[in-house]
>>> print(open('my_file.csv').read())   # CSV, C-alpha atoms
chain,number,residue,atom,x,y,z
A,1445,MET,CA,24.6,26.2,-1.7
A,1446,ASN,CA,20.9,25.4,-2.0
A,1447,ALA,CA,19.3,21.9,-1.6
A,1448,VAL,CA,18.9,21.3,-5.4
A,1449,GLU,CA,22.5,22.1,-6.1
A,1450,ARG,CA,23.5,19.6,-3.5
A,1451,LEU,CA,21.1,17.0,-4.8
A,1452,ILE,CA,22.5,17.3,-8.3
A,1453,ARG,CA,26.0,16.9,-7.0
A,1454,TYR,CA,25.1,14.0,-4.6
A,1455,VAL,CA,23.4,11.9,-7.3
A,1456,LYS,CA,26.6,11.6,-9.2
A,1457,TYR,CA,27.8,9.2,-6.5
A,1458,GLU,CA,26.8,5.6,-7.2
A,1459,THR,CA,25.5,4.3,-3.8
A,1460,THR,CA,23.4,1.3,-4.8
A,1461,SER,CA,23.2,-1.0,-1.8
A,1462,ASP,CA,23.8,-4.8,-2.3
A,1463,GLU,CA,22.0,-7.3,-0.1
A,1464,ASN,CA,24.3,-10.1,-1.2
A,1465,SER,CA,27.7,-8.4,-0.5
A,1466,GLY,CA,28.0,-9.4,3.1
A,1467,GLU,CA,29.9,-6.1,3.7
A,1468,HIS,CA,29.0,-3.1,5.8
A,1469,PRO,CA,28.3,-0.8,4.2
A,1470,SER,CA,27.2,-3.1,1.4
A,1471,SER,CA,28.8,-1.2,-1.4
A,1472,PRO,CA,32.0,0.9,-1.6
A,1473,GLY,CA,30.2,3.9,-3.2
A,1474,GLN,CA,28.4,4.5,0.0
A,1475,MET,CA,31.6,4.9,2.0
A,1476,ALA,CA,33.1,7.1,-0.7
A,1477,PHE,CA,30.0,9.4,-0.5
A,1478,ALA,CA,30.0,9.4,3.3
A,1479,GLU,CA,33.7,10.5,3.3
A,1480,GLU,CA,32.9,13.4,1.0
A,1481,LEU,CA,29.9,14.3,3.1
A,1482,ALA,CA,32.0,14.2,6.3
A,1483,GLU,CA,34.4,16.8,4.8
A,1484,GLU,CA,31.5,18.9,3.6
A,1485,MET,CA,29.9,18.8,7.1
A,1486,ARG,CA,33.2,20.1,8.7
A,1487,LYS,CA,33.5,22.9,6.1
A,1488,CYS,CA,29.9,24.0,7.0
A,1489,GLY,CA,30.7,24.2,10.6
A,1490,ILE,CA,29.0,21.1,11.8
A,1491,SER,CA,30.6,19.8,15.0
A,1492,ASP,CA,31.8,16.4,16.2
A,1493,VAL,CA,31.7,14.8,12.7
A,1494,ARG,CA,32.3,11.0,13.0
A,1495,LEU,CA,32.2,8.3,10.3
A,1496,SER,CA,32.1,4.7,11.6
A,1497,GLU,CA,33.7,1.7,9.9
A,1498,SER,CA,30.2,0.5,9.1
A,1499,GLY,CA,29.3,3.7,7.3
A,1500,CYS,CA,27.2,5.6,9.8
A,1501,LEU,CA,28.0,9.3,9.6
A,1502,PHE,CA,27.2,11.6,12.6
A,1503,GLY,CA,27.6,15.2,13.4
A,1504,CYS,CA,25.8,17.9,15.5
A,1505,LEU,CA,24.9,21.5,15.9
A,1506,PRO,CA,25.4,22.4,19.6
A,1507,ALA,CA,22.5,24.2,21.2
A,1508,THR,CA,22.5,28.0,21.0
A,1509,ALA,CA,22.5,30.1,24.1
A,1510,GLY,CA,19.4,29.6,26.2
A,1511,ARG,CA,18.4,26.4,24.4
A,1512,GLU,CA,20.8,24.1,26.2
A,1513,GLY,CA,18.1,22.6,28.4
A,1514,LEU,CA,15.9,21.5,25.6
A,1515,ALA,CA,15.8,17.8,24.5
A,1516,PRO,CA,18.2,17.2,21.6
A,1517,MET,CA,16.5,16.6,18.2
A,1518,GLY,CA,17.8,14.5,15.4
A,1519,PHE,CA,17.6,14.6,11.6
A,1520,LEU,CA,18.3,11.4,9.7
A,1521,ALA,CA,18.6,10.4,6.0
A,1522,HIS,CA,20.2,7.4,4.2
A,1523,LEU,CA,23.1,7.2,1.9
A,1524,ASP,CA,22.2,4.3,-0.3
A,1525,THR,CA,19.8,4.0,-3.3
A,1526,SER,CA,17.6,1.1,-4.4
A,1527,ALA,CA,18.9,-1.7,-6.6
A,1528,GLU,CA,15.6,-1.8,-8.5
A,1529,ALA,CA,17.1,0.6,-11.1
A,1530,SER,CA,20.6,1.6,-12.0
A,1531,GLY,CA,22.2,4.3,-9.8
A,1532,LYS,CA,25.3,4.5,-12.0
A,1533,ASN,CA,26.1,7.5,-14.3
A,1534,VAL,CA,23.0,9.4,-13.2
A,1535,CYS,CA,22.3,12.4,-15.5
A,1536,PRO,CA,19.6,14.6,-14.0
A,1537,GLN,CA,17.5,16.9,-16.1
A,1538,ILE,CA,16.4,20.3,-14.9
A,1539,VAL,CA,13.0,21.4,-16.1
A,1540,ARG,CA,12.2,25.0,-15.2
A,1541,ASN,CA,8.7,26.3,-14.9
A,1542,TYR,CA,7.1,23.0,-15.7
A,1543,ASP,CA,4.1,23.6,-18.0
A,1544,GLY,CA,2.0,20.7,-16.7
A,1545,GLY,CA,2.3,18.6,-19.8
A,1546,VAL,CA,4.3,15.5,-20.8
A,1547,LEU,CA,8.0,15.5,-20.1
A,1548,PRO,CA,10.3,13.4,-22.2
A,1549,LEU,CA,13.1,11.7,-20.2
A,1550,GLY,CA,16.1,12.3,-22.4
A,1551,ALA,CA,16.3,10.1,-25.5
A,1552,SER,CA,15.1,7.0,-23.6
A,1553,GLY,CA,11.7,7.0,-25.0
A,1554,LYS,CA,10.2,7.2,-21.5
A,1555,GLU,CA,8.2,10.2,-20.4
A,1556,LEU,CA,6.5,11.7,-17.4
A,1557,SER,CA,2.8,12.5,-17.9
A,1558,PRO,CA,0.1,13.8,-15.5
A,1559,GLU,CA,-2.2,11.0,-16.7
A,1560,ARG,CA,0.1,8.3,-15.6
A,1561,PHE,CA,1.6,10.2,-12.6
A,1562,PRO,CA,-1.2,12.4,-11.1
A,1563,ALA,CA,1.2,14.0,-8.7
A,1564,LEU,CA,2.5,16.2,-11.6
A,1565,LYS,CA,-0.9,17.9,-11.7
A,1566,HIS,CA,-0.1,20.0,-8.6
A,1567,LEU,CA,3.4,20.8,-9.7
A,1568,ALA,CA,2.8,23.1,-12.7
A,1569,GLY,CA,5.1,26.1,-12.5
A,1570,HIS,CA,7.7,24.2,-10.4
A,1571,THR,CA,11.3,23.5,-11.3
A,1572,LEU,CA,11.6,19.7,-11.6
A,1573,ILE,CA,14.7,17.5,-11.4
A,1574,THR,CA,14.1,14.3,-13.4
A,1575,THR,CA,16.1,11.4,-14.7
A,1576,ASP,CA,17.2,10.9,-18.4
A,1577,GLY,CA,15.1,7.7,-18.3
A,1578,THR,CA,18.0,5.3,-18.0
A,1579,THR,CA,18.7,5.4,-14.3
A,1580,LEU,CA,16.9,6.3,-11.0
A,1581,LEU,CA,17.5,9.8,-9.7
A,1582,GLY,CA,18.6,9.1,-6.2
A,1583,ALA,CA,16.2,11.6,-4.5
A,1584,ASP,CA,15.5,8.6,-2.2
A,1585,ASP,CA,17.3,9.7,-0.1
A,1586,LYS,CA,19.8,12.2,-1.4
A,1587,SER,CA,17.1,14.8,-1.4
A,1588,GLY,CA,16.8,14.3,2.4
A,1589,ILE,CA,20.6,14.5,2.8
A,1590,ALA,CA,20.6,17.7,0.7
A,1591,GLU,CA,17.8,19.3,2.8
A,1592,ILE,CA,19.4,18.5,6.1
A,1593,MET,CA,22.8,19.8,5.0
A,1594,THR,CA,21.3,23.0,3.6
A,1595,ALA,CA,19.2,23.6,6.8
A,1596,ALA,CA,22.3,23.0,9.0
A,1597,GLU,CA,24.4,25.4,6.9
A,1598,ARG,CA,21.8,28.1,7.0
A,1599,MET,CA,21.3,27.8,10.8
A,1600,ILE,CA,25.0,28.1,11.4
A,1601,ALA,CA,25.5,31.0,8.9
A,1602,GLU,CA,22.5,33.0,10.0
A,1603,LYS,CA,22.9,32.2,13.7
A,1604,ILE,CA,19.3,30.9,14.0
A,1605,PRO,CA,18.5,29.9,17.6
A,1606,HIS,CA,18.0,26.2,18.0
A,1607,ARG,CA,18.2,23.2,20.4
A,1608,LYS,CA,21.0,20.7,20.0
A,1609,ILE,CA,20.6,19.1,16.5
A,1610,CYS,CA,22.1,15.7,15.9
A,1611,ILE,CA,22.6,14.7,12.3
A,1612,GLY,CA,22.9,11.1,11.1
A,1613,PHE,CA,23.3,9.6,7.6
A,1614,THR,CA,23.0,5.8,7.5
A,1615,PRO,CA,24.0,3.2,4.9
A,1616,ASP,CA,21.9,0.3,3.5
A,1617,GLU,CA,18.4,1.5,4.4
A,1618,GLU,CA,17.1,0.0,1.2
A,1619,ILE,CA,18.2,-3.5,2.2
A,1620,GLY,CA,16.8,-3.2,5.7
A,1621,GLU,CA,20.2,-2.8,7.4
A,1622,GLY,CA,20.3,1.0,7.9
A,1623,THR,CA,20.2,0.7,11.7
A,1624,ARG,CA,22.1,-2.5,12.2
A,1625,PHE,CA,25.2,-0.6,13.5
A,1626,PHE,CA,23.5,2.6,14.6
A,1627,ASP,CA,24.5,3.6,18.1
A,1628,ILE,CA,21.6,5.6,19.5
A,1629,SER,CA,23.5,6.7,22.6
A,1630,LYS,CA,26.4,8.1,20.5
A,1631,PHE,CA,23.9,9.8,18.1
A,1632,GLY,CA,22.8,11.8,21.1
A,1633,ALA,CA,19.2,12.7,20.3
A,1634,ALA,CA,16.1,12.2,22.4
A,1635,PHE,CA,13.9,12.0,19.4
A,1636,ALA,CA,14.4,12.4,15.6
A,1637,TYR,CA,12.8,12.8,12.2
A,1638,THR,CA,13.8,10.7,9.2
A,1639,VAL,CA,13.7,12.9,6.1
A,1640,ASP,CA,12.9,10.1,3.7
A,1641,GLY,CA,9.4,10.6,2.4
A,1642,GLY,CA,7.6,11.8,-0.7
A,1643,ARG,CA,5.5,14.9,-1.1
A,1644,ALA,CA,6.6,17.8,1.0
A,1645,GLY,CA,4.3,18.4,4.0
A,1646,GLU,CA,3.7,14.7,4.6
A,1647,ILE,CA,4.4,13.6,8.2
A,1648,GLU,CA,4.3,9.8,8.5
A,1649,TYR,CA,4.2,7.8,11.6
A,1650,GLN,CA,2.2,4.7,10.6
A,1651,ASN,CA,4.2,2.1,8.6
A,1652,PHE,CA,3.6,-1.5,7.7
A,1653,ASN,CA,4.2,-4.4,9.9
A,1654,ALA,CA,6.5,-6.4,7.6
A,1655,ALA,CA,7.7,-9.9,7.1
A,1656,SER,CA,9.4,-11.9,4.3
A,1657,ALA,CA,8.3,-15.4,3.3
A,1658,GLU,CA,10.2,-18.0,1.3
A,1659,VAL,CA,8.4,-21.0,0.0
A,1660,THR,CA,10.4,-24.0,-1.1
A,1661,ILE,CA,8.8,-26.8,-3.1
A,1662,THR,CA,10.4,-30.2,-3.6
A,1663,GLY,CA,9.1,-32.1,-6.6
A,1664,ARG,CA,9.9,-35.4,-8.4
A,1665,SER,CA,11.3,-35.3,-11.8
A,1666,VAL,CA,11.1,-38.3,-14.1
A,1667,HIS,CA,10.9,-38.8,-17.9
A,1668,PRO,CA,7.6,-37.5,-19.1
A,1669,GLY,CA,7.0,-40.7,-21.1
A,1670,SER,CA,6.7,-42.7,-17.9
A,1671,ALA,CA,5.6,-39.9,-15.5
A,1672,LYS,CA,2.0,-41.0,-14.8
A,1673,GLY,CA,1.5,-41.3,-11.1
A,1674,ILE,CA,5.1,-40.5,-10.3
A,1675,LEU,CA,6.1,-37.0,-11.5
A,1676,LEU,CA,5.4,-34.1,-9.2
A,1677,ASN,CA,6.1,-30.8,-11.0
A,1678,ALA,CA,7.3,-28.3,-8.4
A,1679,GLN,CA,6.6,-25.4,-10.6
A,1680,LYS,CA,2.9,-26.4,-10.8
A,1681,VAL,CA,2.7,-26.7,-7.1
A,1682,ALA,CA,4.3,-23.3,-6.8
A,1683,MET,CA,1.6,-21.9,-9.1
A,1684,GLU,CA,-1.0,-23.6,-7.0
A,1685,PHE,CA,0.4,-22.1,-3.8
A,1686,ASP,CA,0.2,-18.6,-5.3
A,1687,SER,CA,-3.3,-19.1,-6.6
A,1688,MET,CA,-4.5,-19.8,-3.1
A,1689,LEU,CA,-3.6,-16.3,-1.9
A,1690,PRO,CA,-6.3,-13.6,-2.2
A,1691,PRO,CA,-5.9,-12.2,-5.7
A,1692,GLU,CA,-7.0,-8.7,-4.8
A,1693,GLU,CA,-4.5,-8.4,-1.9
A,1694,VAL,CA,-1.5,-7.4,-4.0
A,1695,PRO,CA,0.4,-4.1,-4.2
A,1696,GLU,CA,-1.1,-3.1,-7.6
A,1697,LYS,CA,-4.6,-3.4,-6.2
A,1698,THR,CA,-4.3,-1.9,-2.7
A,1699,GLU,CA,-3.7,1.6,-1.2
A,1700,GLY,CA,-3.8,3.5,2.1
A,1701,PHE,CA,-4.0,1.1,5.0
A,1702,GLU,CA,-4.7,-2.0,2.9
A,1703,GLY,CA,-2.1,-4.7,3.3
A,1704,PHE,CA,-0.9,-7.2,0.7
A,1705,TYR,CA,1.1,-10.3,-0.3
A,1706,HIS,CA,3.8,-9.4,-2.9
A,1707,LEU,CA,5.5,-12.1,-4.9
A,1708,ILE,CA,9.0,-10.7,-5.6
A,1709,ARG,CA,10.7,-13.8,-7.0
A,1710,MET,CA,9.7,-17.1,-8.6
A,1711,GLU,CA,12.2,-19.6,-10.0
A,1712,GLY,CA,12.6,-23.3,-10.4
A,1713,ALA,CA,12.2,-26.4,-12.5
A,1714,THR,CA,10.3,-29.7,-12.3
A,1715,ALA,CA,12.3,-31.0,-9.4
A,1716,GLY,CA,12.3,-27.9,-7.2
A,1717,ALA,CA,11.0,-24.3,-7.1
A,1718,THR,CA,11.0,-21.4,-4.8
A,1719,LEU,CA,8.7,-18.4,-4.2
A,1720,ALA,CA,9.7,-15.3,-2.3
A,1721,TYR,CA,7.1,-12.9,-0.8
A,1722,LEU,CA,6.8,-9.7,1.1
A,1723,LEU,CA,3.9,-9.7,3.6
A,1724,ARG,CA,2.6,-6.2,4.7
A,1725,ASP,CA,-0.2,-4.8,6.9
A,1726,HIS,CA,-0.6,-1.8,9.1
A,1727,ASP,CA,-2.9,-3.7,11.4
A,1728,ALA,CA,-1.1,-6.1,13.8
A,1729,GLY,CA,-4.0,-8.6,13.8
A,1730,ARG,CA,-4.4,-8.7,10.0
A,1731,PHE,CA,-0.6,-9.1,9.8
A,1732,LEU,CA,-0.7,-12.2,12.0
A,1733,GLU,CA,-3.6,-13.5,9.8
A,1734,ARG,CA,-1.4,-13.1,6.7
A,1735,LYS,CA,1.3,-15.3,8.2
A,1736,ARG,CA,-1.3,-17.8,9.4
A,1737,ARG,CA,-2.7,-18.1,5.9
A,1738,MET,CA,0.7,-18.8,4.5
A,1739,ARG,CA,1.1,-21.6,7.0
A,1740,GLU,CA,-2.4,-23.0,6.3
A,1741,ILE,CA,-1.6,-23.2,2.6
A,1742,THR,CA,1.7,-25.0,3.3
A,1743,ASP,CA,-0.1,-27.5,5.5
A,1744,LEU,CA,-2.9,-28.1,2.9
A,1745,LEU,CA,-0.4,-28.7,0.1
A,1746,ASN,CA,1.6,-31.1,2.2
A,1747,ARG,CA,-1.5,-33.1,3.0
A,1748,LYS,CA,-2.3,-33.2,-0.7
A,1749,TYR,CA,1.2,-34.0,-2.1
A,1750,GLY,CA,3.0,-35.5,0.9
A,1751,ASP,CA,4.9,-34.3,3.9
A,1752,GLY,CA,8.0,-32.2,3.0
A,1753,THR,CA,6.7,-31.1,-0.4
A,1754,VAL,CA,6.3,-27.5,0.7
A,1755,SER,CA,8.4,-25.8,3.4
A,1756,LEU,CA,7.8,-22.2,4.6
A,1757,THR,CA,10.2,-19.8,6.2
A,1758,LEU,CA,8.8,-16.6,7.7
A,1759,GLN,CA,11.0,-13.8,8.9
A,1760,ASP,CA,9.7,-10.6,10.6
A,1761,SER,CA,11.3,-7.4,9.2
A,1762,TYR,CA,9.9,-4.4,11.1
A,1763,ARG,CA,6.8,-3.3,13.0
A,1764,ASN,CA,4.4,-0.4,12.8
A,1765,MET,CA,6.0,2.5,14.7
A,1766,GLU,CA,2.6,4.0,15.5
A,1767,GLU,CA,2.8,1.9,18.6
A,1768,ILE,CA,5.7,4.1,19.8
A,1769,ILE,CA,4.6,7.5,18.2
A,1770,ARG,CA,1.0,7.4,19.4
A,1771,PRO,CA,2.0,8.1,23.0
A,1772,ASN,CA,4.4,10.8,21.7
A,1773,MET,CA,2.1,12.7,19.3
A,1774,ILE,CA,3.8,15.9,20.4
A,1775,LEU,CA,6.4,15.0,17.7
A,1776,VAL,CA,3.7,15.0,15.0
A,1777,ARG,CA,2.2,18.3,16.3
A,1778,LEU,CA,5.6,20.0,16.3
A,1779,ALA,CA,6.1,18.8,12.7
A,1780,GLU,CA,2.7,20.0,11.7
A,1781,GLU,CA,3.4,23.5,13.0
A,1782,ALA,CA,6.7,23.7,11.3
A,1783,THR,CA,5.1,22.5,8.1
A,1784,ARG,CA,2.5,25.3,8.2
A,1785,LYS,CA,5.3,27.9,8.9
A,1786,ALA,CA,7.1,26.6,5.8
A,1787,GLY,CA,4.0,27.3,3.7
A,1788,LEU,CA,3.0,23.7,3.3
A,1789,THR,CA,-0.2,21.9,4.2
A,1790,PRO,CA,0.5,19.1,6.6
A,1791,SER,CA,-0.9,15.6,6.1
A,1792,THR,CA,-0.4,12.3,7.8
A,1793,PRO,CA,-0.7,9.5,5.3
A,1794,PRO,CA,0.3,5.9,6.1
A,1795,ILE,CA,3.7,4.8,4.9
A,1796,ARG,CA,3.3,1.9,2.5
A,1797,GLY,CA,6.7,0.6,3.4
A,1798,GLY,CA,9.2,1.1,6.2
A,1799,THR,CA,12.0,3.4,7.2
A,1800,ASP,CA,15.0,3.4,9.4
A,1801,GLY,CA,12.8,5.4,11.8
A,1802,ALA,CA,10.5,2.5,12.4
A,1803,MET,CA,13.3,0.3,13.7
A,1804,LEU,CA,14.9,3.1,15.7
A,1805,SER,CA,11.5,4.0,17.3
A,1806,PHE,CA,11.3,0.5,18.8
A,1807,ARG,CA,14.9,0.9,20.0
A,1808,GLY,CA,14.0,4.0,22.0
A,1809,LEU,CA,14.4,6.8,19.5
A,1810,PRO,CA,11.0,7.9,18.2
A,1811,CYS,CA,11.3,8.9,14.5
A,1812,PRO,CA,8.4,10.2,12.5
A,1813,ASN,CA,9.2,10.5,8.8
A,1814,LEU,CA,9.0,13.8,6.8
A,1815,GLY,CA,8.4,14.2,3.0
A,1816,THR,CA,11.3,15.4,0.9
A,1817,GLY,CA,9.6,16.7,-2.3
A,1818,GLY,CA,10.7,13.5,-4.2
A,1819,TYR,CA,8.4,11.3,-6.2
A,1820,ASN,CA,8.3,7.9,-8.0
A,1821,PHE,CA,11.2,6.5,-6.0
A,1822,HIS,CA,13.2,3.4,-7.1
A,1823,GLY,CA,12.9,3.8,-10.8
A,1824,GLU,CA,13.6,5.7,-14.0
A,1825,TYR,CA,10.5,7.9,-13.5
A,1826,GLU,CA,11.8,9.4,-10.2
A,1827,PHE,CA,11.8,13.2,-9.9
A,1828,ALA,CA,11.9,16.0,-7.3
A,1829,SER,CA,10.5,19.5,-7.0
A,1830,ALA,CA,12.9,22.3,-6.3
A,1831,GLU,CA,10.2,24.4,-4.6
A,1832,GLU,CA,9.2,21.5,-2.3
A,1833,MET,CA,12.8,20.8,-1.4
A,1834,GLU,CA,13.3,24.4,-0.4
A,1835,ALA,CA,10.1,24.3,1.6
A,1836,VAL,CA,11.4,21.2,3.4
A,1837,VAL,CA,14.7,23.1,4.3
A,1838,ASN,CA,12.5,25.8,5.9
A,1839,GLN,CA,10.4,23.1,7.7
A,1840,LEU,CA,13.6,21.6,9.2
A,1841,ILE,CA,14.8,25.0,10.4
A,1842,PHE,CA,11.4,25.8,12.0
A,1843,LEU,CA,11.5,22.4,13.7
A,1844,ALA,CA,15.0,22.9,15.0
A,1845,SER,CA,14.2,26.4,16.3
A,1846,ASP,CA,11.0,25.5,18.1
A,1847,SER,CA,11.5,25.9,21.8
A,1848,SER,CA,8.6,23.7,22.9
A,1849,VAL,CA,9.4,21.3,25.8
A,1850,VAL,CA,9.2,17.7,24.6
A,1851,ASN,CA,8.2,15.0,27.0
A,1852,LEU,CA,8.4,11.5,25.7
A,1853,ILE,CA,7.2,8.0,26.6
A,1854,LEU,CA,10.0,5.8,25.5
A,1855,PRO,CA,10.6,2.0,25.2
A,1856,GLU,CA,13.8,0.7,26.8
A,1857,ARG,CA,16.7,1.6,24.6
A,1858,HIS,CA,18.9,-1.1,23.1
>>> encode(input="my_file.csv", output="structure tokens")
Amino acid sequence: MNAVERLIRYVKYETTSDENSGEHPSSPGQMAFAEELAEEMRKCGISDVRLSESGCLFGCLPATAGREGLAPMGFLAHLDTSAEASGKNVCPQIVRNYDGGVLPLGASGKELSPERFPALKHLAGHTLITTDGTTLLGADDKSGIAEIMTAAERMIAEKIPHRKICIGFTPDEEIGEGTRFFDISKFGAAFAYTVDGGRAGEIEYQNFNAASAEVTITGRSVHPGSAKGILLNAQKVAMEFDSMLPPEEVPEKTEGFEGFYHLIRMEGATAGATLAYLLRDHDAGRFLERKRRMREITDLLNRKYGDGTVSLTLQDSYRNMEEIIRPNMILVRLAEEATRKAGLTPSTPPIRGGTDGAMLSFRGLPCPNLGTGGYNFHGEYEFASAEEMEAVVNQLIFLASDSSVVNLILPERH
């Protein structure tokens, strides 16, 4: 079975993660999918298949003769899909020999066009897997799972020499809990690659430093007829807070290494309001400055309207894994060589987000991220390239069969 066939089968499983469930995994569909994957792994000949109660699925390919002394390598992908669009009743479309033009997405009225989505311009002639415009596709990250499974199956069937390969599929990556119950020692790898990126050939090791911020505003609500000098409209204070942030430093106006403040939720009434933000920056100093600015605005508004009017809660989410990967650039160099062998052009763009690999890197398992051939994640415009997916399968096989000695500078594992 090839990677595209697997992807089409995998996206039928509804695995949307739920940050409010309090369960692990956060949705029952993830465990159902993991159980089916576990059985498929055994049928493929993958050894030591283990599924934990929290939804972490592990397996391995023992080293072939003569490769037993090489450092074990891991491949990782995640089971869940984003809640930003429906993952239920996914009906993928197969578009063969894409002509480079506009693609209608079923009867939804939505379409993929090169003008709006420039990545399509280099995919003419490819076979594309798209949505029908009513759901996401789930290529994030079922394309990564499909590619890892296909590479493993081929290495076993074709007896391709390789070091020990540890395979891991994690739940709840989309809600930041993919590594919460991940046991690195039981996984068994010395280093790994998450297969969870976009365009094939991309090798990512620089992600955002990330934090969340919740701003709570307490107002005073009285009848508007007698409100002069008394009423304090929390919604207006919330708007004032947001207006004091740099207007150009938002996701829709930034790219590359540029950070941002992202307002993700705003709700309230006269008596009370809340704002929820994501803070992101690749540079550690600028990241600290973003948090400092939020505190300064809070203090300023409290001086203006009275102590306790505005309260701020900041919570760090993850750090830039470049700090760990930079001393271990051999991992990027191995990936670049495998990428070239697979007929792809390697590139190292920054990740404008985070991955399980970022958190695992700081726990002692360095994890650069590889592209999957998927695009426009988290929405109805998501699609994947069959040719790029096949190239990623070859990239993983070349990585696994590389006999280079890997020396690592690791943080203390925990």
>>> closest_residue(input="my_file.csv", among="A:Pro1691, A:Lys1554, A:Gly1808, A:Arg1450", to="Glu1834 of chain A", atoms="all atoms listed in the file")
A:Arg1450
>>> closest_atom_pairs(input="my_file.csv", of="segment 1496-1575 of chain A", to="segment 1840-1855 of chain A", cutoff="10 Å", atoms="all atoms listed in the file", output="JSON lines")
{"residue": "A:Ala1507", "atom": "CA", "partner": "A:Ala1844", "partner_atom": "CA", "distance": 9.8}
{"residue": "A:Thr1508", "atom": "CA", "partner": "A:Ser1845", "partner_atom": "CA", "distance": 9.7}
{"residue": "A:Gly1510", "atom": "CA", "partner": "A:Ser1847", "partner_atom": "CA", "distance": 9.8}
{"residue": "A:Arg1511", "atom": "CA", "partner": "A:Ser1847", "partner_atom": "CA", "distance": 7.4}
{"residue": "A:Gly1513", "atom": "CA", "partner": "A:Val1849", "partner_atom": "CA", "distance": 9.2}
{"residue": "A:Leu1514", "atom": "CA", "partner": "A:Val1849", "partner_atom": "CA", "distance": 6.5}
{"residue": "A:Ala1515", "atom": "CA", "partner": "A:Val1850", "partner_atom": "CA", "distance": 6.6}
{"residue": "A:Pro1516", "atom": "CA", "partner": "A:Ala1844", "partner_atom": "CA", "distance": 9.3}
{"residue": "A:Met1517", "atom": "CA", "partner": "A:Ala1844", "partner_atom": "CA", "distance": 7.2}
{"residue": "A:Gly1518", "atom": "CA", "partner": "A:Ala1844", "partner_atom": "CA", "distance": 8.9}
{"residue": "A:Phe1519", "atom": "CA", "partner": "A:Leu1840", "partner_atom": "CA", "distance": 8.4}
>>> residues_around(input="my_file.csv", residues="Gly1499 of chain A", least_positions_apart="6", cutoff="8 Å", atoms="all atoms listed in the file", output="count of residues only")
7
>>> closest_residue(input="my_file.csv", among="A:Gly1569, A:Gly1577, A:Gly1716, A:Pro1536", to="Gly1553 of chain A", atoms="all atoms listed in the file")
A:Gly1577
>>> residues_around(input="my_file.csv", residues="Tyr1637 of chain A", least_positions_apart="6", cutoff="7 Å", atoms="all atoms listed in the file", output="ChimeraX atom specification")
/A:1518-1520,1811-1814
>>> atom_distance(input="my_file.csv", atom1="atom CA of Arg1807 of chain A", atom2="atom CA of Ile1768 of chain A")
9.7 Å
>>> closest_residue(input="my_file.csv", among="A:Tyr1819, A:Phe1561, A:Phe1701, A:Tyr1454", to="Ile1795 of chain A", atoms="all atoms listed in the file")
A:Phe1701
>>> closest_residue(input="my_file.csv", among="A:Tyr1825, A:Ile1661, A:Leu1745, A:Glu1463", to="Ser1557 of chain A", atoms="only C-alpha atoms")
A:Tyr1825
>>> residues_near_point(input="my_file.csv", point="(5.4, 26.0, 6.2)", cutoff="6 Å", atoms="all atoms listed in the file", output="NGL selection string")
:A and (1782-1788 or 1839)
>>> atom_distance(input="my_file.csv", atom1="atom CA of Ala1682 of chain A", atom2="atom CA of Arg1724 of chain A")
20.7 Å
>>> closest_residue(input="my_file.csv", among="A:Thr1662, A:Arg1736, A:Ala1655, A:Phe1731", to="Gln1759 of chain A", atoms="all atoms listed in the file")
A:Ala1655
>>> atom_distance(input="my_file.csv", atom1="atom CA of Glu1591 of chain A", atom2="atom CA of Gln1537 of chain A")
19.1 Å
>>> residues_around(input="my_file.csv", residues="Lys1565 of chain A", least_positions_apart="2", cutoff="12 Å", atoms="only C-alpha atoms", output="list in words")
Tyr1542, Asp1543, Gly1544, Gly1545, Val1546, Leu1556, Ser1557, Pro1558, Glu1559, Arg1560, Phe1561, Pro1562, Ala1563, Leu1567, Ala1568, Gly1569 and His1570 of chain A
>>> closest_residue(input="my_file.csv", among="A:Ala1720, A:Leu1451, A:Leu1523, A:Ile1592", to="Cys1504 of chain A", atoms="only C-alpha atoms")
A:Ile1592
>>> residues_around(input="my_file.csv", residues="Asp1584 of chain A", least_positions_apart="5", cutoff="9 Å", atoms="only C-alpha atoms", output="list in words")
Ala1521, His1522, Leu1523, Asp1524, Thr1525, Ser1526, Asp1640, Gly1641, Gly1642, Thr1816, Gly1818, Tyr1819, Phe1821, His1822 and Glu1826 of chain A
>>> residues_around(input="my_file.csv", residues="Asn1653 of chain A", least_positions_apart="4", cutoff="6 Å", atoms="all atoms listed in the file", output="ChimeraX atom specification")
/A:1724-1726,1762-1764
>>> write_last_selection(input="my_file.csv", atoms="C-alpha atoms", output="mmCIF file, keeping the file's coordinate frame")
data_model
loop_
_atom_site.group_PDB
_atom_site.id
_atom_site.type_symbol
_atom_site.label_atom_id
_atom_site.label_comp_id
_atom_site.auth_asym_id
_atom_site.auth_seq_id
_atom_site.Cartn_x
_atom_site.Cartn_y
_atom_site.Cartn_z
ATOM 1 C CA ARG A 1724 2.600 -6.200 4.700
ATOM 2 C CA ASP A 1725 -0.200 -4.800 6.900
ATOM 3 C CA HIS A 1726 -0.600 -1.800 9.100
ATOM 4 C CA TYR A 1762 9.900 -4.400 11.100
ATOM 5 C CA ARG A 1763 6.800 -3.300 13.000
ATOM 6 C CA ASN A 1764 4.400 -0.400 12.800
#
